[in-house]
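Below is entry02.cif, holding mmCIF, C-alpha atoms.
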data_entry
#
loop_
_atom_site.label_atom_id
_atom_site.label_comp_id
_atom_site.auth_asym_id
_atom_site.auth_seq_id
_atom_site.Cartn_x
_atom_site.Cartn_y
_atom_site.Cartn_z
CA MET A 1 -6.71 -32.12 6.92
CA LEU A 2 -9.58 -32.77 9.35
CA ARG A 3 -10.97 -36.28 8.99
CA ILE A 4 -14.41 -36.28 10.60
CA ASP A 5 -17.28 -38.70 10.21
CA PRO A 6 -19.92 -36.66 8.35
CA LEU A 7 -22.76 -38.66 9.88
CA GLN A 8 -21.68 -37.65 13.38
CA SER A 9 -20.64 -34.10 12.71
CA VAL A 10 -23.01 -32.35 10.33
CA THR A 11 -25.54 -31.73 13.10
CA PHE A 12 -22.96 -29.80 15.18
CA PRO A 13 -24.19 -30.17 18.79
CA ILE A 14 -24.18 -26.87 20.62
CA CYS A 15 -22.91 -25.81 24.03
CA ARG A 16 -23.91 -22.27 24.87
CA GLY A 17 -22.07 -19.93 27.22
CA LYS A 18 -22.33 -16.36 28.39
CA GLY A 19 -19.63 -13.75 28.76
CA LYS A 20 -16.10 -14.75 27.89
CA LEU A 21 -15.61 -18.32 29.00
CA LYS A 22 -18.07 -20.27 31.09
CA ASP A 23 -17.91 -19.32 34.76
CA GLU A 24 -17.08 -22.86 35.77
CA ALA A 25 -14.30 -23.12 33.19
CA GLU A 26 -11.37 -20.99 34.27
CA SER A 27 -8.93 -22.63 31.87
CA TYR A 28 -9.20 -23.48 28.21
CA SER A 29 -8.54 -27.15 28.90
CA ASP A 30 -11.59 -27.26 31.20
CA PHE A 31 -13.63 -25.36 28.62
CA ARG A 32 -13.46 -28.21 26.12
CA THR A 33 -13.49 -31.26 28.39
CA GLU A 34 -16.84 -32.52 27.04
CA SER A 35 -15.44 -34.58 24.18
CA LYS A 36 -18.84 -35.01 22.49
CA ILE A 37 -19.15 -31.30 21.76
CA THR A 38 -18.05 -30.49 18.22
CA MET A 39 -19.15 -26.85 18.16
CA ASN A 40 -19.09 -24.37 21.02
CA TYR A 41 -20.64 -20.92 20.84
CA LYS A 42 -19.74 -18.12 23.22
CA ASN A 43 -19.70 -14.35 23.64
CA ASN A 44 -23.49 -14.34 23.09
CA LYS A 45 -22.95 -14.33 19.35
CA GLU A 46 -23.67 -17.50 17.41
CA PRO A 47 -22.04 -17.99 14.00
CA LYS A 48 -24.60 -19.59 11.73
CA PHE A 49 -24.43 -21.16 8.31
CA LEU A 50 -26.08 -19.26 5.49
CA PRO A 51 -29.73 -20.17 4.83
CA GLY A 52 -29.99 -23.17 2.52
CA PHE A 53 -26.33 -24.12 2.92
CA ASP A 54 -25.83 -27.85 2.23
CA LEU A 55 -23.93 -29.25 5.22
CA SER A 56 -22.99 -32.39 3.31
CA SER A 57 -20.88 -30.25 0.97
CA LEU A 58 -18.48 -29.66 3.86
CA PHE A 59 -16.95 -33.09 3.37
CA ASP A 60 -15.07 -34.56 0.45
CA LYS A 61 -15.24 -38.19 -0.67
CA TRP A 62 -12.60 -39.16 1.90
CA GLY A 63 -14.56 -37.65 4.78
CA ASP A 64 -12.22 -34.67 5.14
CA LEU A 65 -13.66 -31.36 6.24
CA ASP A 66 -13.15 -28.79 3.48
CA ILE A 67 -12.18 -25.61 5.31
CA ASP A 68 -12.72 -23.39 2.25
CA THR A 69 -16.30 -24.63 1.94
CA LEU A 70 -16.73 -24.14 5.70
CA PHE A 71 -15.68 -20.50 5.31
CA ILE A 72 -18.14 -20.02 2.45
CA GLY A 73 -20.88 -21.66 4.52
CA TYR A 74 -20.39 -19.22 7.38
CA PHE A 75 -19.57 -16.00 5.56
CA GLY A 76 -20.73 -16.46 1.95
CA LYS A 77 -17.37 -15.36 0.55
CA VAL A 78 -14.38 -17.06 -1.04
CA PRO A 79 -11.48 -16.89 1.44
CA SER A 80 -7.87 -15.91 1.08
CA ARG A 81 -5.40 -18.01 3.02
CA TYR A 82 -2.12 -17.93 4.92
CA SER A 83 -0.42 -21.08 6.16
CA TYR A 84 2.42 -21.51 8.65
CA GLN A 85 4.54 -24.56 9.37
CA GLU A 86 7.08 -25.26 12.11
CA VAL A 87 4.80 -23.63 14.70
CA ASP A 88 5.06 -24.62 18.36
CA MET A 89 1.68 -26.36 18.39
CA GLU A 90 1.56 -26.94 22.13
CA ALA A 91 2.10 -23.23 22.86
CA PHE A 92 -0.41 -22.28 20.15
CA HIS A 93 -3.00 -24.66 21.56
CA LEU A 94 -2.65 -23.24 25.07
CA ASP A 95 -2.23 -19.54 24.29
CA PHE A 96 -4.39 -18.83 21.22
CA PRO A 97 -7.81 -19.28 22.91
CA LYS A 98 -6.67 -17.11 25.83
CA ARG A 99 -5.16 -14.38 23.69
CA PHE A 100 -8.20 -14.15 21.37
CA GLN A 101 -11.01 -15.30 23.65
CA ASP A 102 -12.97 -12.08 23.12
CA TYR A 103 -13.08 -12.75 19.36
CA ILE A 104 -13.60 -16.52 19.23
CA LEU A 105 -17.26 -17.21 18.47
CA GLY A 106 -16.86 -20.96 18.64
CA TYR A 107 -14.87 -23.88 17.35
CA HIS A 108 -15.06 -27.31 15.76
CA PHE A 109 -12.60 -29.97 16.80
CA LYS A 110 -11.55 -33.51 16.04
CA LYS A 111 -10.18 -35.39 19.03
CA GLU A 112 -8.02 -38.43 18.29
CA SER A 113 -5.03 -38.24 20.60
CA LYS A 114 -5.84 -38.95 24.24
CA ASN A 115 -2.53 -37.79 25.65
CA SER A 116 -1.58 -34.73 23.60
CA ASP A 117 -4.47 -32.32 23.12
CA PHE A 118 -2.40 -29.97 20.99
CA LYS A 119 -2.04 -32.76 18.40
CA ASN A 120 -5.79 -32.72 17.78
CA ASP A 121 -7.35 -30.54 15.10
CA PHE A 122 -9.27 -27.34 15.85
CA VAL A 123 -11.19 -24.92 13.64
CA TYR A 124 -11.75 -21.59 15.41
CA VAL A 125 -14.57 -19.37 14.14
CA LEU A 126 -13.70 -15.76 14.90
CA ASP A 127 -15.25 -12.36 14.57
CA LYS A 128 -14.39 -10.28 11.48
CA GLU A 129 -14.98 -13.29 9.18
CA ILE A 130 -11.85 -15.24 10.12
CA LEU A 131 -11.24 -18.97 10.47
CA VAL A 132 -8.09 -20.26 12.17
CA ILE A 133 -7.31 -23.94 11.69
CA GLN A 134 -4.88 -25.69 14.02
CA ASP A 135 -3.88 -28.84 12.15
CA SER A 136 -1.55 -31.43 13.67
CA ASP A 137 1.49 -29.77 12.10
CA GLU A 138 0.31 -26.57 10.40
CA ILE A 139 -1.70 -23.41 11.04
CA TYR A 140 -4.10 -22.08 8.38
CA ILE A 141 -5.68 -18.63 8.54
CA LEU A 142 -8.66 -18.02 6.24
CA PHE A 143 -9.94 -14.48 5.86
CA GLN A 144 -11.59 -11.95 3.54
CA ASN A 145 -10.34 -8.53 4.64
CA GLU A 146 -6.55 -8.35 4.43
CA THR A 147 -6.43 -4.99 6.24
CA CYS A 148 -8.30 -6.25 9.31
CA GLU A 149 -6.48 -5.40 12.55
CA LEU A 150 -7.55 -8.67 14.17
CA LEU A 151 -6.04 -10.60 11.25
CA SER A 152 -2.73 -8.76 11.71
CA ASP A 153 -2.72 -9.63 15.42
CA ILE A 154 -3.35 -13.32 14.67
CA ILE A 155 -0.57 -13.40 12.07
CA ASP A 156 1.90 -11.73 14.45
CA PHE A 157 0.92 -14.12 17.24
CA THR A 158 1.45 -17.14 14.98
CA LYS A 159 4.78 -15.97 13.56
CA LYS A 160 6.21 -15.51 17.06
CA LEU A 161 5.60 -19.21 17.71
CA ILE A 162 7.50 -20.43 14.66
CA ILE A 163 10.38 -22.63 15.74
CA GLU A 164 13.67 -21.79 14.08
CA GLU A 165 15.94 -24.81 14.27
CA LYS A 166 19.62 -24.29 13.59
CA ASN A 167 21.58 -26.59 11.31
CA LYS A 168 18.38 -27.75 9.63
CA SER A 169 17.08 -27.24 6.14
CA SER A 170 13.90 -28.15 4.35
CA ILE A 171 12.58 -29.13 0.98
CA ASN A 172 8.98 -29.06 -0.23
CA LEU A 173 7.39 -32.31 -1.31
CA ILE A 174 4.46 -31.98 -3.72
CA ILE A 175 1.39 -33.75 -2.37
CA SER A 176 -2.11 -34.19 -3.75
CA GLN A 177 -4.90 -32.51 -1.76
CA PRO A 178 -8.66 -32.49 -2.44
CA ARG A 179 -8.35 -28.91 -3.68
CA GLY A 180 -5.28 -29.62 -5.86
CA LEU A 181 -1.51 -29.92 -5.46
CA ASP A 182 0.14 -28.44 -2.40
CA ASN A 183 3.49 -28.34 -0.59
CA LYS A 184 4.51 -30.43 2.39
CA LYS A 185 7.67 -29.15 4.02
CA ILE A 186 10.17 -31.86 4.96
CA ASN A 187 12.97 -30.96 7.37
CA PHE A 188 16.36 -32.60 7.51
CA LYS A 189 19.72 -31.99 9.13
CA ASN A 190 22.23 -30.10 7.02
CA PRO A 191 24.89 -32.49 5.73
CA GLU A 192 28.40 -31.63 6.88
CA ILE A 193 30.38 -31.36 3.67
CA ASP A 194 33.93 -30.30 2.88
CA LEU A 195 33.65 -29.76 -0.86
CA SER A 196 37.41 -29.95 -1.36
CA LYS A 197 37.53 -33.43 0.20
CA MET A 198 34.25 -35.02 -0.90
CA TYR A 199 34.31 -33.96 -4.53
CA ASN A 200 36.89 -33.69 -7.27
CA ASP A 201 39.23 -30.73 -7.67
CA ASP A 202 37.15 -28.97 -10.34
CA PHE A 203 33.97 -29.04 -8.25
CA GLU A 204 34.34 -25.81 -6.25
CA THR A 205 34.39 -23.75 -9.45
CA PHE A 206 31.10 -25.36 -10.51
CA HIS A 207 29.65 -24.90 -7.00
CA ASN A 208 30.35 -21.15 -6.98
CA GLN A 209 28.76 -20.84 -10.41
CA ILE A 210 25.53 -22.71 -9.65
CA ILE A 211 25.05 -20.96 -6.29
CA GLN A 212 25.22 -17.56 -7.96
CA ILE A 213 22.76 -18.51 -10.72
CA LEU A 214 20.26 -20.27 -8.45
CA GLY A 215 20.21 -17.25 -6.15
CA GLU A 216 19.08 -14.89 -8.90
CA GLU A 217 15.50 -13.71 -8.53
CA ASN A 218 12.89 -14.54 -11.18
CA LYS A 219 15.37 -16.26 -13.48
CA SER A 220 14.56 -19.47 -15.33
CA GLY A 221 17.02 -22.10 -16.47
CA LEU A 222 18.16 -25.71 -16.32
CA HIS A 223 20.96 -27.34 -14.32
CA LEU A 224 22.09 -30.89 -15.12
CA LEU A 225 23.80 -32.99 -12.43
CA TYR A 226 24.79 -36.38 -13.77
CA GLY A 227 27.12 -39.29 -13.11
CA LYS A 228 27.13 -42.86 -11.86
CA PRO A 229 25.09 -43.73 -8.72
CA GLY A 230 26.69 -43.02 -5.35
CA THR A 231 28.85 -40.10 -6.46
CA GLY A 232 27.11 -37.53 -4.22
CA LYS A 233 24.44 -35.86 -6.36
CA SER A 234 21.63 -36.15 -3.80
CA THR A 235 23.94 -35.21 -0.91
CA TYR A 236 24.96 -32.08 -2.77
CA ILE A 237 21.34 -31.09 -3.40
CA ARG A 238 20.64 -31.39 0.34
CA TYR A 239 23.68 -29.18 0.91
CA LEU A 240 22.31 -26.60 -1.53
CA CYS A 241 19.01 -26.50 0.39
CA GLY A 242 20.87 -25.14 3.41
CA LEU A 243 22.52 -22.36 1.40
CA LEU A 244 19.69 -21.06 -0.77
CA LYS A 245 16.96 -18.72 0.45
CA LYS A 246 14.45 -19.80 -2.21
CA GLU A 247 11.74 -22.41 -1.89
CA ILE A 248 13.03 -25.75 -3.20
CA VAL A 249 10.49 -28.30 -4.43
CA PHE A 250 11.16 -32.01 -4.87
CA LEU A 251 9.15 -33.49 -7.73
CA PRO A 252 8.66 -37.29 -7.41
CA GLY A 253 9.24 -39.30 -10.55
CA GLN A 254 5.59 -40.24 -10.99
CA MET A 255 4.45 -36.62 -10.77
CA ALA A 256 7.22 -35.60 -13.15
CA GLN A 257 5.46 -37.73 -15.77
CA ASN A 258 2.51 -35.31 -15.53
CA LEU A 259 4.20 -31.94 -15.93
CA ASP A 260 1.71 -30.99 -18.63
CA ASN A 261 -1.23 -31.70 -16.33
CA VAL A 262 -3.54 -28.74 -15.65
CA ALA A 263 -3.19 -29.22 -11.88
CA MET A 264 0.60 -29.13 -12.19
CA ILE A 265 0.50 -25.95 -14.25
CA ARG A 266 -1.66 -24.30 -11.58
CA TYR A 267 0.79 -25.47 -8.94
CA LEU A 268 3.77 -24.01 -10.81
CA ILE A 269 1.98 -20.68 -11.20
CA GLY A 270 1.48 -20.62 -7.43
CA ASN A 271 5.17 -21.40 -6.80
CA ALA A 272 6.94 -18.90 -9.01
CA ASN A 273 10.60 -17.99 -8.37
CA SER A 274 11.31 -21.42 -6.88
CA ILE A 275 13.71 -24.27 -7.64
CA LEU A 276 12.30 -27.56 -8.92
CA VAL A 277 14.38 -30.71 -8.27
CA ILE A 278 13.74 -33.75 -10.47
CA GLU A 279 15.87 -36.75 -9.49
CA ASP A 280 16.45 -39.70 -11.83
CA ALA A 281 15.04 -37.67 -14.70
CA GLU A 282 16.14 -39.98 -17.54
CA GLU A 283 12.57 -40.79 -18.59
CA LEU A 284 11.85 -37.10 -19.07
CA ILE A 285 14.97 -35.77 -20.75
CA VAL A 286 16.46 -38.58 -22.84
CA SER A 287 16.08 -38.17 -26.60
CA ARG A 288 13.69 -40.75 -28.11
CA GLU A 289 14.70 -41.09 -31.75
CA GLY A 290 13.63 -37.58 -32.59
CA GLN A 291 10.31 -37.85 -30.74
CA ARG A 292 9.59 -35.32 -27.99
CA ASN A 293 6.96 -36.05 -25.36
CA SER A 294 4.72 -33.37 -23.85
CA ASN A 295 6.53 -33.47 -20.49
CA LEU A 296 9.86 -32.70 -22.14
CA SER A 297 8.21 -29.87 -24.04
CA MET A 298 6.96 -28.55 -20.70
CA ILE A 299 10.50 -28.59 -19.27
CA LEU A 300 11.71 -26.68 -22.33
CA ASN A 301 8.96 -24.10 -21.82
CA ILE A 302 9.62 -23.71 -18.08
CA THR A 303 13.37 -23.30 -18.51
CA ASP A 304 13.43 -21.01 -21.54
CA GLY A 305 10.01 -20.18 -22.89
CA ILE A 306 6.93 -18.10 -22.19
CA LEU A 307 6.31 -19.90 -18.90
CA GLY A 308 9.97 -19.52 -17.97
CA GLU A 309 9.87 -15.76 -18.44
CA SER A 310 6.67 -15.50 -16.40
CA LEU A 311 7.44 -17.88 -13.52
CA GLY A 312 11.19 -17.61 -12.99
CA ILE A 313 11.47 -21.30 -12.03
CA GLN A 314 14.84 -23.04 -12.27
CA ILE A 315 15.06 -26.83 -12.63
CA ILE A 316 17.78 -29.11 -11.26
CA ALA A 317 17.64 -32.48 -13.02
CA THR A 318 19.79 -35.43 -11.96
CA PHE A 319 20.39 -38.57 -14.00
CA ASN A 320 22.81 -41.47 -14.38
CA THR A 321 22.84 -41.90 -18.15
CA ASP A 322 25.46 -40.49 -20.53
CA VAL A 323 24.89 -36.79 -21.14
CA ARG A 324 25.08 -37.48 -24.89
CA ASN A 325 21.70 -39.23 -24.60
CA ILE A 326 19.98 -36.06 -23.41
CA ASP A 327 17.71 -34.22 -25.85
CA PRO A 328 19.86 -31.59 -27.62
CA ALA A 329 17.27 -28.86 -26.98
CA LEU A 330 17.95 -29.10 -23.24
CA LYS A 331 21.64 -28.36 -23.79
CA ARG A 332 21.04 -25.20 -25.80
CA LYS A 333 22.80 -22.02 -24.71
CA GLY A 334 20.49 -19.73 -22.81
CA ARG A 335 18.50 -22.65 -21.41
CA LEU A 336 21.28 -24.75 -19.85
CA LYS A 337 22.78 -22.64 -17.07
CA SER A 338 25.18 -25.22 -15.61
CA ALA A 339 26.12 -28.88 -15.86
CA TYR A 340 28.48 -31.12 -13.94
CA GLU A 341 29.48 -34.76 -14.12
CA PHE A 342 29.92 -36.34 -10.69
CA LYS A 343 32.72 -38.90 -10.79
CA ALA A 344 34.29 -41.37 -8.40
CA LEU A 345 37.13 -39.94 -6.30
CA PRO A 346 40.71 -40.93 -7.13
CA GLY A 347 42.49 -43.28 -4.74
CA ILE A 348 44.33 -40.51 -2.85
CA LYS A 349 41.12 -38.59 -2.01
CA ALA A 350 39.28 -41.82 -1.22
CA THR A 351 42.03 -42.94 1.18
CA THR A 352 41.93 -39.57 2.99
CA LEU A 353 38.16 -39.83 3.59
CA ILE A 354 38.46 -43.44 4.73
CA LYS A 355 41.20 -42.62 7.25
CA GLU A 356 39.08 -39.72 8.62
CA GLN A 357 36.56 -42.38 9.61
CA GLY A 358 39.24 -44.01 11.74
CA LEU A 359 39.76 -46.88 9.33
CA ASP A 360 43.11 -48.12 8.12
CA TYR A 361 42.55 -48.69 4.42
CA ASN A 362 44.71 -47.73 1.49
CA VAL A 363 43.05 -47.79 -1.90
CA ASN A 364 44.51 -47.33 -5.33
CA GLU A 365 41.40 -47.35 -7.50
CA ALA A 366 38.72 -44.68 -7.78
CA MET A 367 35.77 -45.03 -5.38
CA THR A 368 32.35 -43.41 -5.12
CA LEU A 369 31.22 -41.69 -1.93
CA ALA A 370 28.74 -44.51 -1.33
CA GLU A 371 31.58 -47.03 -1.48
CA ILE A 372 33.85 -44.93 0.75
CA PHE A 373 31.35 -44.35 3.56
CA ASN A 374 30.14 -47.94 3.52
CA ILE A 375 33.48 -49.63 3.01
CA THR A 376 33.12 -51.92 6.02
CA GLU A 377 29.65 -53.15 5.06
CA GLU A 378 29.17 -56.34 3.15
CA ASN A 379 26.91 -56.25 0.14
CA PRO A 380 23.72 -58.08 1.23
CA TYR A 381 23.02 -59.01 -2.38
CA LYS A 382 24.82 -62.03 -3.77
CA ALA A 383 24.39 -63.07 -7.37
CA PRO A 384 22.91 -66.57 -7.63
CA ASP A 385 25.11 -69.34 -8.95
CA ARG A 386 24.49 -69.89 -12.62
CA LYS A 387 24.29 -73.44 -13.80
CA ALA A 388 26.21 -74.20 -16.94
CA VAL A 389 24.14 -75.26 -19.90
CA GLY A 390 25.60 -77.32 -22.71
CA PHE A 391 28.36 -79.84 -23.16
CA LYS A 392 31.55 -80.13 -21.12
#
Reformat the file's structure so that it appears as structure tokens.
Amino acid sequence: MLRIDPLQSVTFPICRGKGKLKDEAESYSDFRTESKITMNYKNNKEPKFLPGFDLSSLFDKWGDLDIDTLFIGYFGKVPSRYSYQEVDMEAFHLDFPKRFQDYILGYHFKKESKNSDFKNDFVYVLDKEILVIQDSDEIYILFQNETCELLSDIIDFTKKLIIEEKNKSSINLIISQPRGLDNKKINFKNPEIDLSKMYNDDFETFHNQIIQILGEENKSGLHLLYGKPGTGKSTYIRYLCGLLKKEIVFLPGQMAQNLDNVAMIRYLIGNANSILVIEDAEELIVSREGQRNSNLSMILNITDGILGESLGIQIIATFNTDVRNIDPALKRKGRLKSAYEFKALPGIKATTLIKEQGLDYNVNEAMTLAEIFNITEENPYKAPDRKAVGFK
């Protein structure tokens, strides 16, 4: 979030003004030209911290400004929060202080970028106990009264600036924040896929099945996508992201080893009715001579247990190992909603895809998608020559 040097910022230098904006500052950009000012009061009303509030508590061990603590320091209440991504930050930066100038009591800011002011971070302190944080790529709105008319106006203003990009999808990456685990939305271009050409003949039946199940609201369950590397598992998941209306969360392998962690459980509770994607999940789901680790038990609970009934989270797990190695409990009816083995394409399908790239190749053996779309590239890895040991 906002990385500010506590030694420079806890004193909060003040610039006072009367009326709306200063008389000599007709534009917002002029209003904040003094880069040394980190707090500006206006409208003859000064927001003040509560008596005895410890300013040093505003910063975590990394020097980040904790906006929840800032809210408590000003208003003495625990805030609720809305957050918005994909907002036109330049338009927000220019229009927000004009649109709400009668309600802005002051602001904190962190200036790092010399050329693009809208890429800097701002914390606006508003009337009606509201904080609006303009981060470099996200807008946070902290508030207490959900029925406040000013809050509704701010939300409507922000939503109108959300950029809707066509032919793009997103997936949430779990990141660690000072206050716990949170989502970071990652955008990517929708892959152009002809299922009948890029996958085997039985795939469309599976596709129609998994789309229907994943689209069901508040339903738990497990989906297993497996097969040798390069057969299109990850590409297909990206394709699914463009079709589904639910939030899809990518769980990195290291975090997947901590599914039973208290912070992870809190995160899952806050992301109910979503789809959790665990790639290369062998370490979690392979049977270990009758022993079951706590993370596997957590997957069982999420997909068909008390947590599953409460959260409605579905899990897509991909792996390369033989499906016979998977813990039998994961393959139980009621828990396992769908499964598909991704295989190399037969020579006829492979040749068709190769020729569509403008290449004149005829192949007779089965090929993976990775091999097909990189057929002209040489493998940069060459096995070292092995010296013979022994007698000739």
Proximity of region 170-286 of chain A to region 346-356 of chain A: per-residue shortest pair, 10 Å limit, all atoms listed in the file, as CSV:
residue,atom,partner,partner_atom,distance
A:Ser196,CA,A:Lys349,CA,9.4
A:Lys197,CA,A:Lys349,CA,6.7
A:Met198,CA,A:Leu353,CA,7.7
A:Tyr199,CA,A:Lys349,CA,8.6
A:Asn200,CA,A:Pro346,CA,8.2
A:Asp201,CA,A:Lys349,CA,9.9
| request: May I ask which of the residues A:Phe250, A:Asn362, A:Asn301, A:Thr376 is the closest one to Ile316 (chain A), counting all atoms listed in the file? | output: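 When distances to Ile316 (chain A) are compared using all atoms listed in the file, the smallest one comes from A:Phe250.
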| field | Ground truth for the PyMOL selection byres ((chain A and resi 153-158) around 9), written as a list in words | value | Tyr82, Tyr84, Val87, Asp88, Phe92, Phe96, Arg99, Phe100, Val132, Ile139, Ile141, Cys148, Glu149, Leu150, Leu151, Ser152, Lys159, Lys160, Leu161 and Ile162 of chain A
| field | Gap from CA of Asn120 (chain A) to CA of Ser136 (chain A) - Å, one decimal | value | 6.0 Å
| message | Could you check the closest approach to Lys184 (chain A) for each of A:Val249, A:Val323, A:Leu336, A:Ala272 and tell me which residue wins, using all atoms listed in the file? | response | A:Val249
| message | I need the residue nearest Leu359 (chain A) from this list: A:Ile372, A:Ala344, A:Ile211, A:Leu70. Use all atoms listed in the file for the distance. | response |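 Comparing A:Ile372, A:Ala344, A:Ile211, A:Leu70 against Leu359 (chain A), the winner is A:Ile372.
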| field | Answer key for the PyMOL selection byres ((chain A and resi 144) around 8), residues as number ranges by chain | value | A: 77-80, 129-130, 142-143, 145-146
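Counting only C-alpha atoms and comparing A:Ser169, A:Thr368, A:Thr231, A:Thr147, the residue that lies closest to Ile248 (chain A) is A:Ser169.
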Give me, as a tab-separated table (two decimals) with C-alpha atoms, in the frame of the given file, all polymer residues having an atom no more than 12 Å from region 325-328 of chain A, counting only C-alpha atoms and skipping those fewer than 4 positions away in the same chain.
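Result file follows (around_1.tsv):
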chain	number	residue	atom	x	y	z
A	224	LEU	CA	22.09	-30.89	-15.12
A	226	TYR	CA	24.79	-36.38	-13.77
A	281	ALA	CA	15.04	-37.67	-14.70
A	282	GLU	CA	16.14	-39.98	-17.54
A	283	GLU	CA	12.57	-40.79	-18.59
A	284	LEU	CA	11.85	-37.10	-19.07
A	285	ILE	CA	14.97	-35.77	-20.75
A	286	VAL	CA	16.46	-38.58	-22.84
A	287	SER	CA	16.08	-38.17	-26.60
A	288	ARG	CA	13.69	-40.75	-28.11
A	289	GLU	CA	14.70	-41.09	-31.75
A	290	GLY	CA	13.63	-37.58	-32.59
A	291	GLN	CA	10.31	-37.85	-30.74
A	292	ARG	CA	9.59	-35.32	-27.99
A	293	ASN	CA	6.96	-36.05	-25.36
A	296	LEU	CA	9.86	-32.70	-22.14
A	297	SER	CA	8.21	-29.87	-24.04
A	299	ILE	CA	10.50	-28.59	-19.27
A	300	LEU	CA	11.71	-26.68	-22.33
A	317	ALA	CA	17.64	-32.48	-13.02
A	318	THR	CA	19.79	-35.43	-11.96
A	319	PHE	CA	20.39	-38.57	-14.00
A	320	ASN	CA	22.81	-41.47	-14.38
A	321	THR	CA	22.84	-41.90	-18.15
A	332	ARG	CA	21.04	-25.20	-25.80
A	333	LYS	CA	22.80	-22.02	-24.71
A	335	ARG	CA	18.50	-22.65	-21.41
A	336	LEU	CA	21.28	-24.75	-19.85
| Ground truth for the PyMOL selection byres ((chain A and resi 260) around 9), written as a ChimeraX atom specification | /A:257-259,261-265,294-295,297-298
| Which one of A:Asp137, A:Leu369, A:Ile302, A:Phe49 sits closest to Ile193 (chain A) if you count all atoms listed in the file? |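 The closest residue to Ile193 (chain A) is A:Leu369.
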| Length of the CA of Gly106 (chain A) to CA of Val125 (chain A) vector [Å] |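 Interatomic distance, CA of Gly106 (chain A) to CA of Val125 (chain A): 5.3 Å.
Computed from the coordinates, the CA of Lys185 (chain A) to CA of Ile171 (chain A) distance equals 5.8 Å.
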| query | Any idea what's packed within 12 Å of Pro51 (chain A), counting all atoms listed in the file, ignoring anything in its chain fewer than 4 positions away? Could you give it as a PyMOL selection string? | reply | chain A and resi 55+72-76
| task | Pick out the residues sitting within 10 Å of Arg179 (chain A), and hand them over as a VMD selection string; count only C-alpha atoms, and ignore anything fewer than 4 positions along from it in its own chain. | result | chain A and resid 60 66 68 263
| message | With distances taken over all atoms listed in the file, which residue among A:Asn183, A:Ser274, A:Thr303, A:Ser176 lies nearest Leu214 (chain A)? | response |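 Closest to Leu214 (chain A) of all the choices is A:Ser274.
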| said: Show me, as an MDAnalysis selection string, the residues that have an atom within 10 Å of Gly334 (chain A) when counting all atoms listed in the file, minus same-chain residues fewer than 5 positions from it. | reply: chainID A and resid 220:222 303:304
